[in-house]
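Listing of query-v2.txt; format and content: compact mmCIF, C-alpha atoms.
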# COMPACT_ATOMS: atom_id res chain seq x y z
CA MET A 1 6.88 37.32 -6.29
CA THR A 2 4.33 36.47 -8.94
CA GLN A 3 3.57 33.14 -7.30
CA SER A 4 0.68 32.84 -4.89
CA ILE A 5 0.07 30.27 -2.19
CA THR A 6 -3.38 29.54 -3.57
CA GLN A 7 -1.92 28.05 -6.75
CA ASN A 8 -1.85 24.29 -7.04
CA HIS A 9 1.47 22.47 -7.49
CA PHE A 10 1.19 22.41 -11.29
CA GLU A 11 0.29 26.09 -11.56
CA LEU A 12 3.15 27.03 -9.27
CA PHE A 13 5.55 25.67 -11.89
CA ASP A 14 3.59 26.84 -14.95
CA LEU A 15 2.86 23.26 -15.92
CA PRO A 16 -0.36 21.97 -17.48
CA VAL A 17 -2.59 20.29 -14.86
CA GLN A 18 -2.19 16.78 -16.25
CA PHE A 19 -0.30 13.54 -15.68
CA SER A 20 2.09 13.85 -18.63
CA ILE A 21 4.61 16.53 -17.82
CA ASP A 22 8.02 17.46 -19.14
CA LEU A 23 10.46 16.57 -16.36
CA ASP A 24 13.13 18.94 -17.70
CA GLN A 25 10.63 21.75 -17.53
CA LEU A 26 9.69 20.73 -13.99
CA ASN A 27 13.35 20.82 -12.93
CA GLN A 28 13.93 24.22 -14.56
CA GLN A 29 10.77 25.72 -13.13
CA PHE A 30 11.57 24.38 -9.67
CA ARG A 31 15.00 26.01 -9.72
CA LYS A 32 13.49 29.25 -11.01
CA VAL A 33 10.76 29.43 -8.35
CA GLN A 34 13.23 28.35 -5.69
CA SER A 35 15.57 31.22 -6.46
CA GLU A 36 12.73 33.76 -6.79
CA VAL A 37 11.18 32.96 -3.42
CA HIS A 38 14.35 32.17 -1.51
CA PRO A 39 13.98 33.66 2.00
CA ASP A 40 17.49 35.23 1.70
CA ARG A 41 16.11 37.60 -0.93
CA PHE A 42 13.50 38.83 1.51
CA ALA A 43 15.75 39.48 4.49
CA ALA A 44 15.00 43.21 4.30
CA ALA A 45 11.36 42.86 3.24
CA SER A 46 8.28 43.34 5.40
CA GLY A 47 7.20 40.60 7.78
CA ALA A 48 4.29 39.65 5.52
CA GLU A 49 6.53 39.40 2.46
CA ARG A 50 9.05 37.31 4.37
CA LEU A 51 6.34 34.95 5.58
CA LYS A 52 4.95 34.59 2.06
CA SER A 53 8.40 33.80 0.65
CA MET A 54 8.93 31.16 3.31
CA GLN A 55 5.56 29.56 2.66
CA LEU A 56 6.20 29.55 -1.08
CA ALA A 57 9.66 28.04 -0.63
CA THR A 58 8.11 25.26 1.43
CA GLN A 59 5.33 24.70 -1.10
CA ALA A 60 7.85 24.66 -3.95
CA ASN A 61 9.78 21.85 -2.25
CA GLU A 62 6.66 19.87 -1.54
CA ALA A 63 5.30 20.46 -5.04
CA TYR A 64 8.55 19.34 -6.63
CA GLN A 65 8.73 16.15 -4.57
CA THR A 66 5.09 15.38 -5.38
CA LEU A 67 5.25 16.04 -9.12
CA LYS A 68 8.62 14.41 -9.74
CA LYS A 69 7.40 10.85 -9.12
CA PRO A 70 4.61 9.43 -11.31
CA THR A 71 2.72 7.73 -8.46
CA SER A 72 2.54 10.78 -6.22
CA ARG A 73 1.86 13.04 -9.22
CA ALA A 74 -1.16 10.91 -10.18
CA ARG A 75 -2.33 10.72 -6.56
CA TYR A 76 -2.13 14.52 -6.27
CA LEU A 77 -3.94 15.04 -9.59
CA LEU A 78 -6.75 12.79 -8.36
CA GLN A 79 -6.93 14.82 -5.15
CA LEU A 80 -7.43 17.94 -7.25
CA HIS A 81 -10.36 16.14 -8.85
CA GLY A 82 -11.75 15.32 -5.41
CA ILE A 83 -10.74 11.66 -5.39
CA ASP A 84 -9.03 10.07 -2.42
CA THR A 85 -7.06 6.94 -3.35
CA GLN A 86 -7.59 5.61 0.22
CA GLU A 87 -4.25 3.85 0.25
CA ASP A 88 -4.12 3.57 4.03
CA SER A 89 -7.77 2.79 4.74
CA ASN A 90 -9.19 0.66 1.93
CA THR A 91 -7.73 -2.86 1.84
CA ALA A 92 -9.87 -4.32 -0.95
CA MET A 93 -7.84 -5.01 -4.09
CA PRO A 94 -8.47 -7.23 -7.11
CA GLY A 95 -7.74 -10.84 -6.09
CA ASP A 96 -5.53 -11.64 -9.06
CA PHE A 97 -3.41 -8.58 -8.36
CA LEU A 98 -2.92 -9.60 -4.70
CA MET A 99 -2.10 -13.12 -5.86
CA LEU A 100 0.62 -11.67 -8.07
CA GLN A 101 1.92 -9.64 -5.10
CA MET A 102 2.20 -12.87 -3.09
CA GLU A 103 4.11 -14.54 -5.93
CA TRP A 104 6.50 -11.61 -6.27
CA ARG A 105 7.10 -11.49 -2.53
CA GLU A 106 7.75 -15.24 -2.49
CA ALA A 107 10.16 -15.00 -5.42
CA MET A 108 11.94 -12.15 -3.66
CA GLU A 109 12.22 -14.10 -0.42
CA GLU A 110 13.58 -17.18 -2.20
CA ALA A 111 16.15 -15.17 -4.14
CA SER A 112 17.16 -13.30 -1.01
CA ASP A 113 17.57 -16.53 1.01
CA ALA A 114 19.67 -17.99 -1.83
CA HIS A 115 21.75 -14.77 -2.05
CA ASP A 116 20.84 -14.80 -5.75
CA ILE A 117 21.44 -11.20 -6.81
CA ASP A 118 20.86 -12.04 -10.50
CA ALA A 119 17.37 -13.33 -9.72
CA LEU A 120 16.66 -10.16 -7.72
CA GLU A 121 17.85 -8.01 -10.62
CA ARG A 122 15.53 -9.92 -12.94
CA LEU A 123 12.66 -9.34 -10.55
CA LEU A 124 13.54 -5.67 -10.44
CA THR A 125 13.40 -5.48 -14.24
CA GLU A 126 9.97 -7.11 -14.11
CA MET A 127 8.82 -4.54 -11.53
CA ARG A 128 10.06 -1.65 -13.66
CA LYS A 129 8.23 -3.06 -16.65
CA ALA A 130 5.02 -3.42 -14.63
CA ALA A 131 5.42 0.13 -13.30
CA ARG A 132 5.88 1.50 -16.83
CA GLN A 133 2.75 -0.27 -17.99
CA PHE A 134 0.70 1.20 -15.13
CA GLN A 135 2.15 4.64 -15.84
CA GLN A 136 1.04 4.35 -19.46
CA ASP A 137 -2.41 3.32 -18.22
CA LEU A 138 -2.47 6.40 -15.98
CA GLN A 139 -1.59 8.68 -18.86
CA GLN A 140 -4.57 7.34 -20.77
CA GLN A 141 -6.95 7.24 -17.82
CA LEU A 142 -6.07 10.70 -16.51
CA ASP A 143 -5.22 12.76 -19.59
CA GLU A 144 -7.24 11.15 -22.36
CA ASN A 145 -10.27 9.41 -20.88
CA ARG A 146 -10.61 11.34 -17.61
CA ALA A 147 -11.51 8.00 -16.02
CA PHE A 148 -10.60 9.10 -12.51
CA GLU A 149 -12.06 6.19 -10.54
CA GLN A 150 -10.19 3.78 -12.76
CA ALA A 151 -7.02 5.85 -12.35
CA SER A 152 -7.43 5.65 -8.58
CA GLY A 153 -7.28 1.84 -8.84
CA THR A 154 -4.12 2.12 -10.94
CA VAL A 155 -2.45 4.41 -8.39
CA ARG A 156 -3.24 1.86 -5.66
CA LYS A 157 -1.57 -0.87 -7.72
CA LEU A 158 1.44 1.31 -8.53
CA SER A 159 1.84 1.95 -4.83
CA PHE A 160 2.40 -1.79 -4.31
CA ILE A 161 4.86 -2.01 -7.19
CA ASP A 162 6.83 0.97 -5.83
CA LYS A 163 7.08 -0.75 -2.45
CA VAL A 164 8.19 -4.11 -3.88
CA GLN A 165 10.73 -2.30 -6.06
CA ALA A 166 12.14 -0.39 -3.08
CA ASP A 167 12.31 -3.59 -1.02
CA ILE A 168 14.15 -5.47 -3.79
CA GLU A 169 16.63 -2.60 -4.18
CA GLN A 170 17.22 -2.63 -0.44
CA THR A 171 17.71 -6.40 -0.42
CA ILE A 172 20.19 -6.20 -3.29
CA SER A 173 22.28 -3.51 -1.59
CA LYS A 174 22.23 -5.49 1.66
CA LEU A 175 23.47 -8.63 -0.16
CA GLU A 176 26.11 -6.63 -2.02
CA ASP A 177 27.40 -5.14 1.22
CA ALA A 178 27.50 -8.51 2.96
CA MET B 1 10.46 1.47 16.75
CA ALA B 2 10.18 -1.05 19.56
CA TYR B 3 7.77 -3.92 19.11
CA SER B 4 5.81 -5.20 22.09
CA ASP B 5 6.73 -8.64 23.51
CA LYS B 6 3.52 -10.10 22.10
CA VAL B 7 4.28 -8.83 18.61
CA LEU B 8 7.80 -10.21 18.82
CA ASP B 9 6.50 -13.57 20.03
CA HIS B 10 4.07 -13.92 17.12
CA TYR B 11 6.64 -12.56 14.69
CA GLU B 12 9.35 -14.98 15.76
CA ASN B 13 7.01 -17.97 16.24
CA PRO B 14 4.10 -17.30 13.91
CA ARG B 15 1.16 -19.65 14.51
CA ASN B 16 -0.69 -21.38 11.69
CA VAL B 17 1.37 -20.25 8.72
CA GLY B 18 0.32 -22.12 5.61
CA THR B 19 -2.30 -22.72 3.01
CA LEU B 20 -5.61 -24.58 2.88
CA ASP B 21 -7.17 -25.88 -0.32
CA LYS B 22 -9.05 -22.88 -1.66
CA ASN B 23 -11.30 -25.12 -3.76
CA ASP B 24 -12.54 -27.05 -0.72
CA PRO B 25 -16.21 -26.04 -0.18
CA HIS B 26 -15.51 -25.82 3.58
CA VAL B 27 -12.65 -23.35 3.10
CA GLY B 28 -13.04 -19.58 2.84
CA THR B 29 -10.17 -17.45 1.56
CA GLY B 30 -9.70 -13.75 2.22
CA MET B 31 -7.01 -11.71 0.54
CA VAL B 32 -6.42 -8.07 1.31
CA GLY B 33 -3.64 -5.57 0.80
CA ALA B 34 -2.67 -2.14 2.06
CA PRO B 35 -1.31 0.04 -0.76
CA ALA B 36 0.20 2.52 1.71
CA CYS B 37 2.69 -0.01 3.09
CA GLY B 38 2.57 -2.74 0.43
CA ASP B 39 1.49 -5.41 2.90
CA VAL B 40 -0.39 -8.42 1.53
CA MET B 41 -2.36 -10.81 3.71
CA LYS B 42 -4.04 -14.11 2.87
CA LEU B 43 -6.25 -15.65 5.54
CA GLN B 44 -8.05 -18.97 5.18
CA ILE B 45 -10.61 -20.58 7.44
CA LYS B 46 -12.04 -24.09 7.38
CA VAL B 47 -15.40 -24.87 8.96
CA ASN B 48 -16.84 -28.23 10.04
CA ASP B 49 -20.38 -29.35 9.18
CA SER B 50 -21.83 -27.42 12.10
CA GLY B 51 -20.31 -24.19 10.79
CA ILE B 52 -17.60 -23.90 13.45
CA ILE B 53 -14.12 -22.83 12.37
CA GLU B 54 -11.82 -25.77 13.01
CA ASP B 55 -8.70 -24.55 11.23
CA ALA B 56 -7.20 -21.23 10.14
CA LYS B 57 -4.05 -20.51 8.18
CA PHE B 58 -2.38 -17.35 7.03
CA LYS B 59 0.34 -16.07 4.80
CA THR B 60 1.39 -12.47 5.19
CA TYR B 61 4.06 -10.37 3.56
CA GLY B 62 4.58 -7.25 5.54
CA CYS B 63 5.99 -5.78 8.71
CA GLY B 64 6.17 -7.52 12.09
CA SER B 65 2.88 -6.01 13.23
CA ALA B 66 1.03 -7.30 10.15
CA ILE B 67 2.45 -10.79 10.66
CA ALA B 68 1.64 -10.73 14.39
CA SER B 69 -1.91 -9.48 13.71
CA SER B 70 -2.64 -12.31 11.29
CA SER B 71 -0.96 -14.93 13.48
CA LEU B 72 -3.01 -13.81 16.49
CA VAL B 73 -6.35 -13.90 14.65
CA THR B 74 -5.76 -17.45 13.38
CA GLU B 75 -5.57 -18.46 17.06
CA TRP B 76 -8.69 -16.50 17.94
CA LEU B 77 -10.69 -17.87 14.99
CA LYS B 78 -10.50 -21.53 15.91
CA GLY B 79 -13.69 -22.71 17.65
CA LYS B 80 -15.71 -19.67 16.59
CA SER B 81 -18.82 -19.59 14.41
CA LEU B 82 -18.72 -17.45 11.26
CA ASP B 83 -20.89 -14.81 12.93
CA GLU B 84 -18.55 -14.66 15.91
CA ALA B 85 -15.55 -14.48 13.59
CA ALA B 86 -17.05 -11.54 11.71
CA GLN B 87 -17.39 -9.71 15.04
CA ILE B 88 -13.63 -9.58 15.65
CA LYS B 89 -12.64 -5.93 15.69
CA ASN B 90 -9.30 -4.44 14.80
CA SER B 91 -9.31 -2.52 18.09
CA ALA B 92 -9.22 -5.82 20.01
CA ILE B 93 -6.25 -7.02 17.91
CA ALA B 94 -4.42 -3.71 18.37
CA GLU B 95 -5.05 -3.80 22.11
CA GLU B 96 -3.92 -7.41 22.55
CA LEU B 97 -0.67 -6.71 20.65
CA ALA B 98 -0.20 -3.22 22.11
CA LEU B 99 0.20 -1.78 18.60
CA PRO B 100 1.30 1.86 18.39
CA PRO B 101 -0.97 4.25 16.43
CA VAL B 102 1.16 4.07 13.25
CA LYS B 103 0.62 0.28 13.16
CA ILE B 104 -3.14 0.28 13.69
CA HIS B 105 -3.63 -0.25 9.94
CA CYS B 106 -2.03 -3.70 10.34
CA SER B 107 -4.86 -4.73 12.65
CA VAL B 108 -7.36 -3.25 10.18
CA LEU B 109 -5.81 -5.45 7.51
CA ALA B 110 -6.37 -8.53 9.72
CA GLU B 111 -9.99 -7.57 10.46
CA ASP B 112 -10.67 -7.02 6.75
CA ALA B 113 -9.01 -10.36 5.90
CA ILE B 114 -11.36 -12.19 8.32
CA LYS B 115 -14.39 -10.44 6.82
CA ALA B 116 -13.22 -11.33 3.29
CA ALA B 117 -12.66 -14.99 4.24
CA VAL B 118 -16.08 -15.24 5.91
CA ALA B 119 -17.75 -13.59 2.89
CA ASP B 120 -15.96 -15.99 0.53
CA LEU B 121 -17.14 -19.00 2.53
CA GLN B 122 -20.72 -17.70 2.80
CA ALA B 123 -20.81 -17.10 -0.96
CA LYS B 124 -19.58 -20.67 -1.56
CA GLN B 125 -22.20 -22.11 0.80
CA SER B 126 -25.10 -20.15 -0.66
CA ASP B 127 -24.05 -21.31 -4.14
CA LYS B 128 -24.26 -24.85 -2.86
CA GLU B 129 -27.75 -24.31 -1.44
CA VAL B 130 -28.96 -22.91 -4.74
CA ALA B 131 -27.46 -25.86 -6.57
Could I get this file's structure written as structure tokens?
Amino acid sequence: MTQSITQNHFELFDLPVQFSIDLDQLNQQFRKVQSEVHPDRFAAASGAERLKSMQLATQANEAYQTLKKPTSRARYLLQLHGIDTQEDSNTAMPGDFLMLQMEWREAMEEASDAHDIDALERLLTEMRKAARQFQQDLQQQLDENRAFEQASGTVRKLSFIDKVQADIEQTISKLEDA
Amino acid sequence: MAYSDKVLDHYENPRNVGTLDKNDPHVGTGMVGAPACGDVMKLQIKVNDSGIIEDAKFKTYGCGSAIASSSLVTEWLKGKSLDEAAQIKNSAIAEELALPPVKIHCSVLAEDAIKAAVADLQAKQSDKEVA
């Protein structure tokens, strides 16, 4: 095992410590590390080696889940820079952004009540567009400008978009099943 | 997860849902959101000339506990002064609704919404005094 449990998630997969990563490379590296540290390969090894392989296998899973999605990848990167996005403790958000959240939630409720799947799909497209825009902002803020406080605000916004998107998808599948 | 009877009551029959005119100088608006769960809460208070809250309205998108927390505080706010309103603590909301630990952040959202509404109103009123 060349991996060590003191490596951060990016280092574990030989990826540059930045927001823009190659997802194919992430997938390949994950499979590689997974097979190298698989506990089955250490069945006959010493207790310490077995423990290390188990810890690495767990970290590899966690690292993969974290890095795969842009929002959690950015959140983790900020943590490495000592910044907590305070998504469960800080409730202050820009007023216009919250206003927009209200409008989206209202539009979603109306479309859901009217069983209007087309309207929900349109809303979903709008969410994906908004998410892409914020992800582009993150790339600039994190990788180019190193504007970490600003990036923290963007992660907080993306968190809302992710939730609305998941809720719309859930509503659509519920309506389709009905 | 099971909701307490009080949460269910406020969730099924929310009190004071609605909107007040945010441009009215007697109305304070507080908007807050919790990124972790995506909840958004708008709380508005209206004071009379003696500075007592005579009306409160809310609009919340979120889980049952977030809706119940905002519904409950609109009831509590009526008849209070701004200072008294700002004293309302999330722990009192959580206790009244018997919120489980994972839903405490909903009561925090309600407390922060009150503080934001009071601050908005105070800012409006100090502007008026200056003018």
With all atoms listed in the file counted, which protein, DNA or RNA residues have an atom no more than 12 Å from (-3.5, -12.1, 15.5) in the file frame? Please answer as a compact mmCIF listing (two decimals) with C-alpha atoms, in the coordinates of the input.
# COMPACT_ATOMS: atom_id res chain seq x y z
CA LYS B 6 3.52 -10.10 22.10
CA VAL B 7 4.28 -8.83 18.61
CA LEU B 8 7.80 -10.21 18.82
CA ASP B 9 6.50 -13.57 20.03
CA HIS B 10 4.07 -13.92 17.12
CA TYR B 11 6.64 -12.56 14.69
CA PRO B 14 4.10 -17.30 13.91
CA ARG B 15 1.16 -19.65 14.51
CA ASN B 16 -0.69 -21.38 11.69
CA VAL B 17 1.37 -20.25 8.72
CA MET B 41 -2.36 -10.81 3.71
CA LEU B 43 -6.25 -15.65 5.54
CA ALA B 56 -7.20 -21.23 10.14
CA LYS B 57 -4.05 -20.51 8.18
CA PHE B 58 -2.38 -17.35 7.03
CA THR B 60 1.39 -12.47 5.19
CA GLY B 64 6.17 -7.52 12.09
CA SER B 65 2.88 -6.01 13.23
CA ALA B 66 1.03 -7.30 10.15
CA ILE B 67 2.45 -10.79 10.66
CA ALA B 68 1.64 -10.73 14.39
CA SER B 69 -1.91 -9.48 13.71
CA SER B 70 -2.64 -12.31 11.29
CA SER B 71 -0.96 -14.93 13.48
CA LEU B 72 -3.01 -13.81 16.49
CA VAL B 73 -6.35 -13.90 14.65
CA THR B 74 -5.76 -17.45 13.38
CA GLU B 75 -5.57 -18.46 17.06
CA TRP B 76 -8.69 -16.50 17.94
CA LEU B 77 -10.69 -17.87 14.99
CA LYS B 78 -10.50 -21.53 15.91
CA ILE B 88 -13.63 -9.58 15.65
CA LYS B 89 -12.64 -5.93 15.69
CA ASN B 90 -9.30 -4.44 14.80
CA SER B 91 -9.31 -2.52 18.09
CA ALA B 92 -9.22 -5.82 20.01
CA ILE B 93 -6.25 -7.02 17.91
CA ALA B 94 -4.42 -3.71 18.37
CA GLU B 95 -5.05 -3.80 22.11
CA GLU B 96 -3.92 -7.41 22.55
CA LEU B 97 -0.67 -6.71 20.65
CA ALA B 98 -0.20 -3.22 22.11
CA LEU B 99 0.20 -1.78 18.60
CA CYS B 106 -2.03 -3.70 10.34
CA SER B 107 -4.86 -4.73 12.65
CA VAL B 108 -7.36 -3.25 10.18
CA LEU B 109 -5.81 -5.45 7.51
CA ALA B 110 -6.37 -8.53 9.72
CA GLU B 111 -9.99 -7.57 10.46
CA ALA B 113 -9.01 -10.36 5.90
CA ILE B 114 -11.36 -12.19 8.32
Counting all atoms listed in the file, what is within 9 Å of segment 121-130 of chain A, bar same-chain residues fewer than 5 positions away, as an MDAnalysis selection string? chainID A and resid 104 107:108 116 135 158 161:162 164:165 168:169 172
Residues of chain A within 12 Å of chain B, counting only C-alpha atoms, as a PyMOL selection string: chain A and resi 71-72+75+85-109+152-167
Using only the atoms of segment 125-128 of chain A listed in the file, plus 6 Å on each side, state the axis-aligned box centre and edge lengths in Å rounded to one decimal, as JSON.
{"center_x": 11.1, "center_y": -4.4, "center_z": -12.9, "size_x": 16.6, "size_y": 17.5, "size_z": 14.7}
May I have the protein, DNA and RNA residues with an atom at most 12 Å from (-1.3, 23.8, -14.0), counting only C-alpha atoms in the file's coordinates, returned as a VMD selection string? chain A and resid 7 to 21 26 63 67 77 80
In Å and to one decimal, atom CA of Gln140 of chain A is distant from atom CA of His81 of chain A by 15.9 Å
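Reported to one decimal place, the separation of atom CA of Gly18 of chain B from atom CA of Leu82 of chain B is 20.4 Å.
Here atom CA of Asn48 of chain B stands at a distance of 17.3 Å from atom CA of Asp127 of chain B.
If only C-alpha atoms are the atoms counted, then among B:Ser50, B:Gln44, B:Asn23, B:Gln87 the closest residue to Lys124 of chain B is B:Asn23.
For the residues B:Ala85, B:Ile104, B:His26, B:Cys63, ranking by smallest atom-to-atom distance to Lys128 of chain B using all atoms listed in the file places B:His26 first.
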Since the input is missing atoms for segment 157-170 of chain A, could you rebuild it with N, CA and C atoms and give the result as a PDB file, keeping the file's coordinate frame?
ATOM      1  N   LYS A 157      -2.435   0.235  -7.274  1.00  0.00           N
ATOM      2  CA  LYS A 157      -1.570  -0.870  -7.720  1.00  0.00           C
ATOM      3  C   LYS A 157      -0.114  -0.399  -7.814  1.00  0.00           C
ATOM      4  N   LEU A 158       0.081   0.788  -8.392  1.00  0.00           N
ATOM      5  CA  LEU A 158       1.440   1.310  -8.530  1.00  0.00           C
ATOM      6  C   LEU A 158       2.124   1.470  -7.177  1.00  0.00           C
ATOM      7  N   SER A 159       1.328   1.791  -6.183  1.00  0.00           N
ATOM      8  CA  SER A 159       1.840   1.950  -4.830  1.00  0.00           C
ATOM      9  C   SER A 159       2.499   0.645  -4.352  1.00  0.00           C
ATOM     10  N   PHE A 160       1.842  -0.475  -4.655  1.00  0.00           N
ATOM     11  CA  PHE A 160       2.400  -1.790  -4.310  1.00  0.00           C
ATOM     12  C   PHE A 160       3.712  -2.036  -5.056  1.00  0.00           C
ATOM     13  N   ILE A 161       3.675  -1.757  -6.365  1.00  0.00           N
ATOM     14  CA  ILE A 161       4.860  -2.010  -7.190  1.00  0.00           C
ATOM     15  C   ILE A 161       6.040  -1.175  -6.676  1.00  0.00           C
ATOM     16  N   ASP A 162       5.771   0.093  -6.340  1.00  0.00           N
ATOM     17  CA  ASP A 162       6.830   0.970  -5.830  1.00  0.00           C
ATOM     18  C   ASP A 162       7.462   0.365  -4.582  1.00  0.00           C
ATOM     19  N   LYS A 163       6.590  -0.196  -3.715  1.00  0.00           N
ATOM     20  CA  LYS A 163       7.080  -0.750  -2.450  1.00  0.00           C
ATOM     21  C   LYS A 163       7.928  -2.005  -2.716  1.00  0.00           C
ATOM     22  N   VAL A 164       7.435  -2.892  -3.578  1.00  0.00           N
ATOM     23  CA  VAL A 164       8.190  -4.110  -3.880  1.00  0.00           C
ATOM     24  C   VAL A 164       9.546  -3.719  -4.478  1.00  0.00           C
ATOM     25  N   GLN A 165       9.503  -2.753  -5.409  1.00  0.00           N
ATOM     26  CA  GLN A 165      10.730  -2.300  -6.060  1.00  0.00           C
ATOM     27  C   GLN A 165      11.731  -1.766  -5.036  1.00  0.00           C
ATOM     28  N   ALA A 166      11.248  -0.938  -4.109  1.00  0.00           N
ATOM     29  CA  ALA A 166      12.140  -0.390  -3.080  1.00  0.00           C
ATOM     30  C   ALA A 166      12.702  -1.506  -2.197  1.00  0.00           C
ATOM     31  N   ASP A 167      11.857  -2.480  -1.876  1.00  0.00           N
ATOM     32  CA  ASP A 167      12.310  -3.590  -1.020  1.00  0.00           C
ATOM     33  C   ASP A 167      13.359  -4.441  -1.731  1.00  0.00           C
ATOM     34  N   ILE A 168      13.162  -4.679  -3.046  1.00  0.00           N
ATOM     35  CA  ILE A 168      14.150  -5.470  -3.790  1.00  0.00           C
ATOM     36  C   ILE A 168      15.478  -4.712  -3.836  1.00  0.00           C
ATOM     37  N   GLU A 169      15.394  -3.402  -4.115  1.00  0.00           N
ATOM     38  CA  GLU A 169      16.630  -2.600  -4.180  1.00  0.00           C
ATOM     39  C   GLU A 169      17.378  -2.653  -2.856  1.00  0.00           C
ATOM     40  N   GLN A 170      16.621  -2.585  -1.765  1.00  0.00           N
ATOM     41  CA  GLN A 170      17.220  -2.630  -0.440  1.00  0.00           C
ATOM     42  C   GLN A 170      17.882  -3.985  -0.188  1.00  0.00           C
TER      43      GLN A 170
END
